Structures are given as structure tokens and as C-alpha cells.
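Participant: File follows, structure.cif with mmCIF, C-alpha atoms:
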data_start
loop_
_atom_site.label_atom_id
_atom_site.label_comp_id
_atom_site.auth_asym_id
_atom_site.auth_seq_id
_atom_site.Cartn_x
_atom_site.Cartn_y
_atom_site.Cartn_z
CA MET A 39 4.27 -18.52 -39.51
CA THR A 40 3.41 -22.04 -40.54
CA ALA A 41 0.07 -23.76 -40.73
CA THR A 42 1.17 -25.86 -37.78
CA ASP A 43 1.74 -22.77 -35.69
CA LEU A 44 -1.66 -21.40 -36.59
CA ALA A 45 -3.29 -24.69 -35.80
CA ALA A 46 -1.57 -24.72 -32.44
CA ASP A 47 -2.54 -21.14 -31.69
CA PRO A 48 -5.25 -19.61 -33.86
CA ASP A 49 -4.66 -16.21 -32.28
CA LEU A 50 -1.04 -16.11 -33.37
CA GLU A 51 -1.56 -14.11 -36.54
CA LEU A 52 -3.60 -11.47 -34.73
CA VAL A 53 -0.96 -11.33 -32.00
CA ARG A 54 1.78 -10.67 -34.55
CA ARG A 55 -0.26 -7.92 -36.16
CA ALA A 56 -1.04 -6.39 -32.79
CA GLN A 57 2.62 -6.48 -31.87
CA ALA A 58 3.34 -4.65 -35.09
CA GLY A 59 0.99 -1.88 -33.99
CA ASP A 60 -2.36 -2.96 -35.36
CA VAL A 61 -4.71 -2.00 -32.53
CA ASP A 62 -7.70 -3.36 -34.38
CA ALA A 63 -6.06 -6.78 -34.39
CA PHE A 64 -5.90 -6.59 -30.63
CA GLY A 65 -9.57 -5.69 -30.61
CA GLN A 66 -10.28 -8.91 -32.44
CA LEU A 67 -8.24 -10.78 -29.85
CA VAL A 68 -10.41 -9.21 -27.17
CA GLU A 69 -13.54 -10.33 -28.96
CA ARG A 70 -12.34 -13.88 -29.36
CA ASN A 71 -11.21 -14.33 -25.79
CA ARG A 72 -13.58 -12.13 -23.83
CA ARG A 73 -15.84 -14.96 -22.70
CA ALA A 74 -13.04 -17.17 -21.42
CA VAL A 75 -11.38 -14.25 -19.67
CA PHE A 76 -14.61 -13.06 -18.11
CA ARG A 77 -15.57 -16.50 -16.83
CA ALA A 78 -12.11 -17.10 -15.40
CA ALA A 79 -12.37 -13.81 -13.56
CA LEU A 80 -15.88 -14.68 -12.42
CA ALA A 81 -14.65 -17.98 -10.98
CA ALA A 82 -12.18 -16.05 -8.84
CA VAL A 83 -14.15 -13.03 -7.69
CA GLY A 84 -17.71 -14.31 -7.78
CA SER A 85 -19.25 -11.07 -8.96
CA ALA A 86 -20.09 -10.18 -12.55
CA THR A 87 -19.33 -6.49 -11.99
CA GLU A 88 -15.93 -7.20 -10.53
CA ALA A 89 -15.25 -9.82 -13.16
CA ASP A 90 -15.91 -7.19 -15.83
CA ASP A 91 -13.40 -4.85 -14.20
CA VAL A 92 -10.87 -7.63 -13.89
CA ALA A 93 -11.35 -8.62 -17.52
CA GLN A 94 -10.78 -5.04 -18.66
CA ASP A 95 -7.65 -4.76 -16.53
CA ALA A 96 -6.37 -8.06 -17.88
CA PHE A 97 -6.83 -7.06 -21.51
CA VAL A 98 -5.21 -3.68 -21.00
CA THR A 99 -2.27 -5.26 -19.21
CA ALA A 100 -1.94 -7.85 -21.96
CA PHE A 101 -1.83 -5.04 -24.52
CA GLN A 102 0.87 -3.24 -22.59
CA LYS A 103 2.94 -6.40 -22.24
CA LEU A 104 2.25 -7.75 -25.69
CA ASP A 105 5.82 -7.28 -26.81
CA GLY A 106 6.88 -9.70 -24.09
CA PHE A 107 4.76 -12.51 -25.48
CA ARG A 108 7.12 -14.82 -27.32
CA GLY A 109 4.79 -17.65 -28.24
CA GLU A 110 6.15 -20.11 -25.70
CA SER A 111 2.55 -20.89 -24.81
CA ALA A 112 -0.73 -20.22 -26.51
CA PHE A 113 -1.82 -16.61 -26.39
CA ARG A 114 -5.02 -17.58 -24.64
CA THR A 115 -3.11 -19.37 -21.91
CA TRP A 116 -0.85 -16.38 -21.47
CA LEU A 117 -3.85 -14.05 -21.36
CA LEU A 118 -5.66 -16.23 -18.84
CA SER A 119 -2.57 -16.26 -16.58
CA ILE A 120 -2.69 -12.46 -16.54
CA THR A 121 -6.42 -12.59 -15.89
CA TRP A 122 -6.04 -14.93 -12.97
CA ARG A 123 -3.33 -12.82 -11.35
CA LYS A 124 -5.48 -9.72 -11.70
CA ALA A 125 -8.44 -11.56 -10.25
CA ILE A 126 -6.51 -12.79 -7.25
CA ASP A 127 -5.12 -9.31 -6.63
CA ARG A 128 -8.64 -8.03 -6.74
CA ARG A 129 -9.82 -10.73 -4.37
CA LYS A 130 -7.11 -9.83 -1.90
CA SER A 131 -7.45 -6.09 -2.25
CA VAL A 132 -8.05 -4.04 0.84
CA SER A 133 -10.66 -1.93 -0.89
CA ARG A 134 -12.71 -5.02 -1.63
CA TRP A 135 -12.52 -6.03 2.00
CA LEU A 136 -13.60 -2.55 3.07
CA GLN A 137 -16.45 -2.62 0.58
CA ARG A 138 -17.65 -5.87 2.06
CA LEU A 139 -17.63 -4.27 5.48
CA VAL A 140 -19.61 -1.27 4.32
CA THR A 141 -22.03 -2.88 1.86
CA PRO A 142 -24.82 -4.78 3.62
CA ALA A 143 -24.74 -8.36 2.46
CA ALA A 144 -27.75 -10.45 1.63
CA PRO A 145 -28.16 -13.09 4.30
CA GLY A 146 -27.59 -16.68 3.35
CA GLU A 147 -29.74 -19.59 4.28
CA SER A 148 -28.33 -19.63 7.76
CA GLY A 149 -28.97 -15.91 8.15
CA GLU A 150 -25.27 -15.17 8.40
CA GLU A 151 -23.44 -12.68 6.21
CA MET A 152 -22.34 -14.14 2.85
CA ASP A 153 -19.14 -13.48 1.02
CA PRO A 154 -19.32 -12.44 -2.65
CA MET A 155 -18.86 -16.00 -3.91
CA GLN A 156 -21.76 -17.24 -1.86
CA ARG A 157 -23.91 -14.34 -2.93
CA PHE A 158 -22.95 -15.13 -6.49
CA ALA A 159 -23.89 -18.76 -6.02
CA SER A 160 -27.28 -17.88 -4.60
CA ARG A 161 -27.89 -15.31 -7.31
CA ALA A 162 -26.95 -17.76 -10.04
CA GLN A 163 -29.32 -20.22 -8.51
CA SER A 164 -32.13 -17.70 -8.22
CA GLN A 165 -31.93 -16.99 -11.90
CA GLU A 166 -33.21 -20.50 -12.49
CA ASP A 167 -36.80 -20.92 -11.52
CA ASP A 168 -37.64 -23.32 -8.68
CA LEU A 169 -39.49 -25.41 -11.27
CA LEU A 170 -36.33 -26.00 -13.28
CA THR A 171 -33.72 -26.26 -10.53
CA SER A 172 -33.75 -29.31 -8.38
CA ASP A 173 -33.31 -29.15 -4.67
CA LEU A 174 -29.90 -30.76 -5.11
CA GLN A 175 -28.65 -27.95 -7.30
CA ARG A 176 -30.02 -25.44 -4.88
CA ARG A 177 -28.00 -27.05 -2.12
CA LEU A 178 -24.87 -27.64 -4.14
CA LYS A 179 -24.12 -24.11 -5.24
CA PRO A 180 -23.68 -22.59 -1.79
CA LEU A 181 -21.64 -25.64 -0.83
CA ILE A 182 -19.33 -25.06 -3.80
CA ALA A 183 -19.02 -21.40 -2.85
CA SER A 184 -18.09 -22.36 0.70
CA LEU A 185 -15.21 -24.64 -0.34
CA PRO A 186 -11.67 -23.55 0.52
CA LYS A 187 -10.49 -21.15 -2.16
CA LYS A 188 -7.79 -23.40 -3.58
CA LEU A 189 -10.20 -26.28 -4.05
CA ARG A 190 -13.00 -24.06 -5.31
CA ASP A 191 -10.83 -22.29 -7.89
CA ALA A 192 -9.60 -25.57 -9.36
CA LEU A 193 -13.10 -27.07 -9.40
CA LEU A 194 -14.72 -24.06 -11.06
CA LEU A 195 -12.03 -23.69 -13.69
CA ALA A 196 -12.05 -27.38 -14.51
CA GLY A 197 -15.82 -27.65 -14.41
CA SER A 198 -16.40 -24.67 -16.69
CA GLY A 199 -15.17 -26.69 -19.65
CA ASP A 200 -13.18 -23.76 -20.96
CA HIS A 201 -9.76 -24.93 -19.81
CA SER A 202 -7.61 -28.02 -19.91
CA TYR A 203 -5.79 -29.16 -16.81
CA GLU A 204 -2.53 -27.96 -18.36
CA GLU A 205 -4.00 -24.54 -18.95
CA ILE A 206 -5.35 -24.39 -15.39
CA GLY A 207 -1.92 -25.39 -14.10
CA ARG A 208 -0.32 -22.49 -15.94
CA MET A 209 -2.96 -20.06 -14.78
CA LEU A 210 -2.63 -21.08 -11.17
CA ASN A 211 1.12 -21.66 -11.50
CA ILE A 212 0.88 -25.16 -10.07
CA PRO A 213 1.67 -28.58 -11.48
CA VAL A 214 -1.01 -30.43 -13.42
CA GLY A 215 -1.01 -33.16 -10.78
CA THR A 216 -1.88 -30.61 -8.13
CA VAL A 217 -4.75 -29.32 -10.25
CA LYS A 218 -6.16 -32.81 -10.59
CA TRP A 219 -5.74 -33.47 -6.90
CA ARG A 220 -7.53 -30.25 -5.95
CA VAL A 221 -10.44 -31.00 -8.28
CA SER A 222 -10.70 -34.51 -6.92
CA GLU A 223 -10.49 -33.28 -3.34
CA ALA A 224 -13.17 -30.64 -3.97
CA ARG A 225 -15.52 -33.26 -5.34
CA LYS A 226 -14.82 -35.53 -2.41
CA VAL A 227 -15.60 -32.79 0.10
CA LEU A 228 -18.82 -31.91 -1.69
CA LYS A 229 -19.95 -35.50 -1.82
CA GLN A 230 -19.28 -35.96 1.86
CA LYS A 231 -21.34 -32.88 2.67
CA MET A 232 -24.15 -33.90 0.38
CA THR A 233 -24.22 -37.40 1.84
CA ALA A 234 -24.32 -35.92 5.32
CA MET A 235 -27.32 -33.88 4.19
CA GLY A 236 -29.05 -37.03 3.07
CA TYR A 237 -28.45 -36.95 -0.65
CA SER A 238 -27.29 -40.51 -0.97
CA ASP A 239 -29.61 -41.57 -3.78
CA VAL A 240 -29.44 -38.98 -6.57
CA ARG A 241 -31.41 -39.08 -9.79
CA MET B 116 -24.50 -42.75 -6.81
CA SER B 117 -21.12 -41.13 -6.96
CA ALA B 118 -21.42 -40.63 -10.70
CA ASP B 119 -24.75 -38.91 -10.22
CA LEU B 120 -23.27 -36.56 -7.66
CA ASP B 121 -20.39 -35.84 -10.02
CA LYS B 122 -22.85 -34.93 -12.74
CA ALA B 123 -24.78 -32.76 -10.36
CA ILE B 124 -21.56 -31.01 -9.32
CA ASP B 125 -20.55 -30.42 -12.93
CA ARG B 126 -23.96 -29.04 -13.75
CA ALA B 127 -23.89 -26.75 -10.74
CA VAL B 128 -20.46 -25.43 -11.69
CA ARG B 129 -21.50 -24.79 -15.29
CA GLU B 130 -24.60 -22.93 -14.15
CA MET B 131 -22.58 -20.83 -11.75
CA LEU B 132 -20.25 -19.72 -14.53
CA ASP B 133 -22.78 -19.58 -17.31
CA VAL B 134 -22.83 -15.80 -17.36
CA GLU B 135 -22.22 -13.74 -20.46
CA PRO B 136 -19.79 -10.86 -20.12
CA PRO B 137 -21.51 -7.46 -20.09
CA ALA B 138 -22.04 -5.96 -23.51
CA GLY B 139 -19.44 -3.55 -24.77
CA LEU B 140 -16.43 -5.14 -23.09
CA ARG B 141 -14.40 -4.78 -26.27
CA GLY B 142 -15.34 -1.12 -26.59
CA ARG B 143 -14.39 -0.35 -23.02
CA VAL B 144 -11.07 -2.12 -23.38
CA MET B 145 -10.24 -0.28 -26.61
CA GLU B 146 -11.13 3.05 -25.02
CA ARG B 147 -8.76 2.39 -22.18
CA ILE B 148 -6.04 1.35 -24.60
CA GLU B 149 -6.52 4.53 -26.62
CA SER B 150 -6.33 6.61 -23.47
CA LEU B 151 -2.96 5.01 -22.75
CA ASP B 152 -1.62 6.42 -26.01
CA ARG B 153 -3.22 9.81 -25.59
CA PRO B 154 -1.64 12.27 -23.19
CA ALA B 155 -3.87 12.66 -20.19
CA ALA B 156 -6.30 15.54 -20.53
CA SER B 157 -6.39 15.94 -16.84
CA PRO B 158 -3.22 17.26 -15.24
CA PHE B 159 -3.77 14.83 -12.43
CA ARG B 160 -2.22 11.58 -13.50
CA TRP B 161 -1.83 8.58 -11.31
CA ASN B 162 1.82 9.42 -10.70
CA THR B 163 0.78 12.84 -9.42
CA TRP B 164 -0.86 11.08 -6.52
CA ILE B 165 2.49 9.54 -5.69
CA ALA B 166 4.70 12.54 -6.42
CA VAL B 167 2.65 15.10 -4.49
CA PRO B 168 2.64 13.29 -1.14
CA LEU B 169 6.32 12.47 -1.56
CA ALA B 170 7.12 16.12 -2.22
CA ALA B 171 5.05 17.17 0.78
CA ALA B 172 6.82 14.66 2.98
CA ALA B 173 10.21 15.85 1.74
CA ALA B 174 9.28 19.48 2.44
CA LEU B 175 8.09 18.59 5.93
CA LEU B 176 11.29 16.71 6.64
CA LEU B 177 13.34 19.65 5.45
CA ALA B 178 11.39 22.01 7.66
CA VAL B 179 11.90 19.77 10.68
CA VAL B 180 15.62 19.50 10.02
CA LEU B 181 16.10 23.22 9.49
CA TRP B 182 13.77 24.44 12.22
CA PRO B 183 16.21 24.52 15.21
CA ARG B 184 18.86 26.16 13.06
CA HIS B 185 16.41 28.83 11.96
CA GLU B 186 15.37 29.54 15.53
CA SER B 187 18.95 29.92 16.75
CA GLN B 188 19.70 32.24 13.85
CA VAL B 189 16.69 34.35 14.72
CA GLN B 190 17.74 34.61 18.36
CA THR B 191 21.31 35.47 17.45
CA SER B 192 20.27 38.06 14.90
CA ALA B 193 17.76 39.54 17.31
CA GLY B 194 20.49 40.01 19.88
CA HIS B 195 22.73 41.60 17.32
CA ARG B 196 19.98 43.73 15.99
CA GLY B 197 19.40 45.20 19.39
CA ALA B 198 23.05 46.04 19.73
CA ASP B 199 23.13 47.46 16.23
CA LEU B 200 20.32 49.82 16.97
CA TYR B 201 21.65 50.90 20.31
CA LEU B 202 25.29 51.45 19.75
CA PRO B 203 27.60 52.02 16.90
CA SER B 204 31.13 50.65 17.19
CA SER B 205 32.84 50.90 20.53
CA THR B 206 35.26 53.34 19.01
CA ALA B 207 32.58 55.71 17.82
CA SER B 208 31.19 58.31 20.11
CA ARG B 209 27.53 58.80 20.66
CA SER B 210 27.95 62.49 20.19
CA THR B 211 29.11 62.06 16.60
CA PRO B 212 26.77 63.90 14.23
CA PRO B 213 24.70 61.29 12.46
CA SER B 214 25.44 62.40 8.94
CA SER B 215 26.90 59.05 8.21
CA VAL B 216 27.67 56.39 10.73
CA SER B 217 29.30 53.14 10.06
CA PHE B 218 28.57 50.38 12.43
CA ALA B 219 31.55 48.31 13.39
CA PRO B 220 30.95 44.68 14.14
CA VAL B 221 28.88 44.42 17.26
CA ALA B 222 30.92 43.77 20.37
CA THR B 223 29.77 42.46 23.71
CA THR B 224 31.90 42.65 26.80
CA SER B 225 32.02 40.45 29.85
CA GLU B 226 34.30 39.59 32.69
CA SER B 227 36.70 36.83 31.81
CA PRO B 228 36.29 33.84 34.11
CA GLU B 229 39.95 32.90 33.73
CA ARG B 230 41.23 36.32 34.73
CA PRO B 231 38.86 38.03 37.11
CA GLY B 232 38.81 41.78 36.69
CA GLN B 233 39.73 41.71 33.04
CA VAL B 234 37.13 42.56 30.52
CA ARG B 235 36.86 40.23 27.62
CA THR B 236 35.44 41.54 24.42
CA VAL B 237 33.55 39.09 22.30
CA THR B 238 33.13 40.27 18.81
CA ALA B 239 30.16 38.94 16.97
CA ALA B 240 30.64 37.98 13.38
CA ARG B 241 28.66 40.63 11.58
CA GLU B 242 29.48 42.62 8.51
CA ARG B 243 29.98 46.32 8.74
CA GLN B 244 26.81 48.17 8.21
CA VAL B 245 26.61 51.67 6.91
CA VAL B 246 23.70 53.55 8.25
CA THR B 247 22.80 56.69 6.44
CA ALA B 248 21.32 59.78 7.91
CA ALA B 249 17.98 58.77 6.56
CA ASP B 250 18.04 55.56 8.59
CA LEU B 251 19.09 57.36 11.73
CA ALA B 252 16.35 59.84 11.26
CA ASP B 253 13.97 57.20 12.62
CA GLU B 254 15.86 57.28 15.91
CA SER B 255 15.36 61.02 16.32
CA PRO B 256 12.18 61.73 18.07
CA ALA B 257 9.55 63.64 16.23
CA ALA B 258 8.98 67.21 17.16
CA GLY B 259 7.36 67.51 20.53
CA PHE B 260 8.06 63.91 21.54
CA PRO B 261 10.63 63.00 24.20
CA ARG B 262 13.64 60.97 23.28
CA VAL B 263 13.31 57.44 24.57
CA PRO B 264 16.51 55.55 25.08
CA ALA B 265 16.69 52.36 23.05
CA ILE B 266 16.47 49.09 24.86
CA THR B 267 19.36 46.76 24.43
CA ILE B 268 19.00 43.04 24.48
CA GLN B 269 22.66 42.30 24.78
CA GLU B 270 21.88 40.20 27.78
CA LEU B 271 20.18 37.76 25.50
CA SER B 272 23.11 37.33 23.17
CA VAL B 273 24.57 33.89 23.08
CA PRO B 274 28.18 35.00 23.66
CA GLN B 275 27.06 36.80 26.80
CA ILE B 276 25.38 33.70 28.10
CA ARG B 277 28.30 31.50 27.25
CA SER B 278 30.73 33.80 28.98
CA VAL B 279 29.19 33.07 32.35
CA ALA B 280 31.44 30.66 34.16
CA ALA B 281 29.93 27.48 35.45
CA ALA B 282 29.73 27.23 39.19
CA ALA B 283 32.27 24.92 40.81
CA ALA B 284 30.88 21.61 41.93
CA PRO B 285 30.84 21.21 45.73
CA GLU B 286 33.40 18.81 47.11
CA ARG B 287 31.28 17.77 50.02
CA LEU B 288 27.62 17.08 49.82
CA GLY B 289 27.11 16.84 53.52
CA VAL B 290 25.72 13.34 53.24
CA ASP B 291 27.19 10.44 55.13
CA PRO B 292 28.39 7.53 53.04
CA ILE B 293 26.15 4.50 52.95
CA ALA B 294 27.03 2.10 55.73
CA THR B 295 28.24 -1.30 54.69
CA PRO B 296 25.35 -3.69 55.19
CA ALA B 297 25.74 -6.55 57.55
CA PRO B 298 26.29 -9.95 55.94
CA ILE B 299 23.18 -12.03 55.53
CA ASP B 300 23.31 -15.51 56.92
CA VAL B 301 21.38 -17.95 54.78
CA GLU B 302 20.87 -21.46 55.90
CA PRO B 303 21.49 -23.97 53.15
CA LEU B 304 18.46 -25.82 51.85
CA PRO B 305 18.11 -29.42 52.85
CA LEU B 306 19.17 -31.95 50.25
CA SER B 307 16.47 -33.24 47.95
CA PRO B 308 15.96 -37.03 47.84
CA ARG B 309 17.71 -37.16 44.48
CA GLU B 310 20.73 -35.25 45.75
CA ARG B 311 20.85 -37.55 48.80
CA HIS B 312 20.74 -40.53 46.50
CA ASP B 313 23.51 -39.11 44.30
CA GLN B 314 25.69 -38.51 47.31
CA GLU B 315 25.23 -42.07 48.45
#
When written as C-alpha cells, how does the structure in this file appear?

Facilitator:
Amino acid sequence: MTATDLAADPDLELVRRAQAGDVDAFGQLVERNRRAVFRAALAAVGSATEADDVAQDAFVTAFQKLDGFRGESAFRTWLLSITWRKAIDRRKSVSRWLQRLVTPAAPGESGEEMDPMQRFASRAQSQEDDLLTSDLQRRLKPLIASLPKKLRDALLLAGSGDHSYEEIGRMLNIPVGTVKWRVSEARKVLKQKMTAMGYSDVR
Amino acid sequence: MSADLDKAIDRAVREMLDVEPPAGLRGRVMERIESLDRPAASPFRWNTWIAVPLAAAAALLLAVVLWPRHESQVQTSAGHRGADLYLPSSTASRSTPPSSVSFAPVATTSESPERPGQVRTVTAARERQVVTAADLADESPAAGFPRVPAITIQELSVPQIRSVAAAAAPERLGVDPIATPAPIDVEPLPLSPRERHDQE
């Protein structure tokens, strides 16, 4: 393992130790990547509780498949790909759909039932006091949550600052150009909606 | 303007995702990993939930497949059982002292449909049974009780039923054949303007 390899992937040494059977090394990998994994899961499922479950599943799966990691990409990228797949499976799961049917949802601004992402957006906004959060932010978050999933996923992952476009492309299994297009399209849609709501002059 | 909206969007996205993972994530993950290595304390593993329904489905399928065969065997054996109880072999006499009686294979007789008047003996495929005096003692009525003749159910045996010849189909049904319908005259439709034009 050369210095160049370590510079390219700082987790590489821990990965090799974990592959050799050092479980504590894997624990350190969990600690170093837990935030990125959790936030990626949160971007997909919109709920902190579900994101926690997804993150746990992703780490356990990564441990089970660790022998299959050959270093073709950074460990973090590989781990985030697993995380994203787990999150999408969770998002599509029948049990989640049933839970949404059974659990009464908090009404949105329009009084209609909200999906978890919209509830998450409103909750995130409510954590900020009205004094600190401008009206624009208050309007933007539900709009972001209401974007089509493909556009929203790309926008959230890119906007989080945790991932490069290349990394997002690998996670979503799409070309980098498609990632950039989706982010651009998401912004365009949001701007159109905000302009239609009268937010043409923003400070 | 657009740049300001972009900044607002970026800020909104960061705030939406600016959530710390719940404390103890590493501990929970390591616990689950350790439980993978440990044999499950509970006998009910995840694969039990797959294996048990599969086994139940297989048992149900087997029962469905075997059910008609079992019923026919029961009916056949019931018919034979009746004959066994009633009569020893056709060669044995009923007046034979029941010290030891061997039952020949049960035989049922019927009139042969091919040769009227001749009796056809259908021998059921049963092993010889040796009935000891102790078994026959059940047939002897207890003191003071009248002897009740056993009831045979030979009529229910499958060979007996099969030996009945099918009735001949009648040659004439007594119904007149269907009369040939009269031809239907249909006037041809007048030519459409297009057809008239094509003809011209």
C-alpha cells in the first residue's frame, strides 16, 4: 500500500485490516463514514428514523460484502452505493407504503396529506425559528420535497456538499452528465415555481 | 436574481440535510455484526420463516395428490373387509369348527355379460389371512344373546360394480331429423358511389 493509494483513499488501510478479520477496524470505518451514509440515506427516505435503519443495513451489508471490495473505487463511494440501493429499496418497500396508509400524516400547508419527504422538509424548517428562517426558505423546502424523485435526489445529494458529481453518478448508477442535468433541471423548476409565487427579487 | 435563488436553494438543501445521525450508530452496527457471527439464540431464524411455509405447502400438495388414492383404497378395503368377516374362502364350509380358519382371497361372483348364465368369479387381490380361534370368538354371540348374521357389503365392491354391463345405446331416438331449411334469398346491396365510379 503506497502513500499515493492512501492519499487517494484514506480508508484503505482500515479496509485491508477489516478484510483480514479486524472487526474493530470496521468499527472505525463506520465512525468515519457514518455522517455521509446517514445523510445520503436521509436524502432518499426523508425520515431520520428510517435513515438510521438504512444506515445500519448499509454498514452491515458492507461488512458482509467486504471481501468483494477490490479498491476499484474509493471505499466511501462503494459504501455510499450500497447505502443508496438500500435507501431506494426502503423507499419502494410495501411495508413503508402500508405504514403511510396507517399512520396519520401531518397536514401540509394545503391541508392535504404529506409524504415523508414533505413532512421531513416541514420538520426541518420548523426546527429553525421563524425569526431566523426567511419566508423564502420556508417556501423552498416543501417545494424541494415536492420535486420529482429523480430531480430531488440529485439536487439533495449535490447540494449537501458531501459528494462530488462523480460520486453521485456512481451512487445513482448514472452518467455524470445526467447528474449535472438533473441538478440543473431541479434548480430550473424551483426557480420557475418561486417566480410564479412572486419571489422575483431575492435578497 | 437567479444567483440569489441558487444560494437560497443551496441553503435550503443544506438545512434539510443538516441532521446528525442518532447517537450510538456505531454501537448498533457492531452489535448486528457480532450477531451475524454468533449462532442465533432463538431457534427461529429468518430462513425458518421461509422453510416452514414451504414445508407446509409441500405437505398440503402431497395430501391433495394422495387424497383420491387414499379414499379408493379405503372403499376397496372396506368392501373386502366385509367379505372377510362374513365368509371364509368359497371352498371352506361354514360348518367347519372355528379352531383355526384360513381365509382364502376374497372372491366375488357375478354374471358374466359376455356369456349370460355363466358365473364369473372375480378374485380380489388380498393376502391369505389366518384367523385364530381367538379372533373368531368375537363372532360368537355372548351367552344369552342371539346370533346376528353379519352384513356383507359385497355389493359395494368395485369389481361387483364394474361387472355390470353397460346398457346398449338405443338405435332410434324417436326424434325426426331436422328439416333442411329453405334457402334465404338476399337482395344484393346497391353499389356505393365509389363502386359505381370504379365500374365506370

Participant: Taking the file as shown, find all residues satisfying the PyMOL selection byres ((chain B) within 8 of (chain A)) and write them as a ChimeraX atom specification.

Facilitator: /B:116-117,119-121,123-125,127-137,140-141,143-145,147-148

Participant: Filtering to C-alpha atoms, could you give me those residues as an mmCIF file, in the frame of the given file?

Facilitator:
data_model
loop_
_atom_site.group_PDB
_atom_site.id
_atom_site.type_symbol
_atom_site.label_atom_id
_atom_site.label_comp_id
_atom_site.auth_asym_id
_atom_site.auth_seq_id
_atom_site.Cartn_x
_atom_site.Cartn_y
_atom_site.Cartn_z
ATOM 1 C CA MET B 116 -24.500 -42.750 -6.810
ATOM 2 C CA SER B 117 -21.120 -41.130 -6.960
ATOM 3 C CA ASP B 119 -24.750 -38.910 -10.220
ATOM 4 C CA LEU B 120 -23.270 -36.560 -7.660
ATOM 5 C CA ASP B 121 -20.390 -35.840 -10.020
ATOM 6 C CA ALA B 123 -24.780 -32.760 -10.360
ATOM 7 C CA ILE B 124 -21.560 -31.010 -9.320
ATOM 8 C CA ASP B 125 -20.550 -30.420 -12.930
ATOM 9 C CA ALA B 127 -23.890 -26.750 -10.740
ATOM 10 C CA VAL B 128 -20.460 -25.430 -11.690
ATOM 11 C CA ARG B 129 -21.500 -24.790 -15.290
ATOM 12 C CA GLU B 130 -24.600 -22.930 -14.150
ATOM 13 C CA MET B 131 -22.580 -20.830 -11.750
ATOM 14 C CA LEU B 132 -20.250 -19.720 -14.530
ATOM 15 C CA ASP B 133 -22.780 -19.580 -17.310
ATOM 16 C CA VAL B 134 -22.830 -15.800 -17.360
ATOM 17 C CA GLU B 135 -22.220 -13.740 -20.460
ATOM 18 C CA PRO B 136 -19.790 -10.860 -20.120
ATOM 19 C CA PRO B 137 -21.510 -7.460 -20.090
ATOM 20 C CA LEU B 140 -16.430 -5.140 -23.090
ATOM 21 C CA ARG B 141 -14.400 -4.780 -26.270
ATOM 22 C CA ARG B 143 -14.390 -0.350 -23.020
ATOM 23 C CA VAL B 144 -11.070 -2.120 -23.380
ATOM 24 C CA MET B 145 -10.240 -0.280 -26.610
ATOM 25 C CA ARG B 147 -8.760 2.390 -22.180
ATOM 26 C CA ILE B 148 -6.040 1.350 -24.600
#

Participant: How many Å separate CA of Ile165 in chain B from CA of Asp105 in chain A?

Facilitator: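 Distance between the two atoms: 27.2 Å.
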
Participant: Can you measure CA of Lys187 in chain A to CA of Asn211 in chain A for me? One decimal in Å is fine.

Facilitator: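 Going from CA of Lys187 in chain A over to CA of Asn211 in chain A, I get 14.9 Å.
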
Participant: State, in Å with one decimal place, the distance from CA of Ala166 in chain B to CA of Ser131 in chain A.

Facilitator: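 Going from CA of Ala166 in chain B over to CA of Ser131 in chain A covers 22.6 Å.
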
Participant: Mind checking which residues fall within 9 Å of Asp47 in chain A, counting all atoms listed in the file, ignoring those fewer than 6 positions away in the same chain, and posting them as a PDB file with C-alpha atoms, in the coordinates of the input?

Facilitator:
ATOM      1  CA  GLY A 109       4.790 -17.650 -28.240  1.00  0.00           C
ATOM      2  CA  SER A 111       2.550 -20.890 -24.810  1.00  0.00           C
ATOM      3  CA  ALA A 112      -0.730 -20.220 -26.510  1.00  0.00           C
ATOM      4  CA  PHE A 113      -1.820 -16.610 -26.390  1.00  0.00           C
ATOM      5  CA  ARG A 114      -5.020 -17.580 -24.640  1.00  0.00           C
TER       6      ARG A 114
END

Participant: So which one's closest to Lys188 in chain A, A:Met235, A:Ile126, A:Leu50, A:Leu104? Using only C-alpha atoms, please.

Facilitator: A:Ile126

Participant: Need the axis-aligned box for range 94-100 of chain A with 3 Å each side, so what are the centre and edges in Å to one decimal, as AutoDock Vina command-line options?

Facilitator:
--center_x -6.4 --center_y -5.9 --center_z -19.2 --size_x 14.8 --size_y 10.4 --size_z 11.4

Participant: Take the PyMOL selection byres ((chain A and resi 123) around 10), apply it to the structure above, and return the hits as a list in words.

Facilitator: Ala79, Ala82, Val92, Ala96, Leu118, Ser119, Ile120, Thr121, Trp122, Lys124, Ala125, Ile126, Asp127, Arg128, Arg129, Met209, Leu210 and Asn211 of chain A
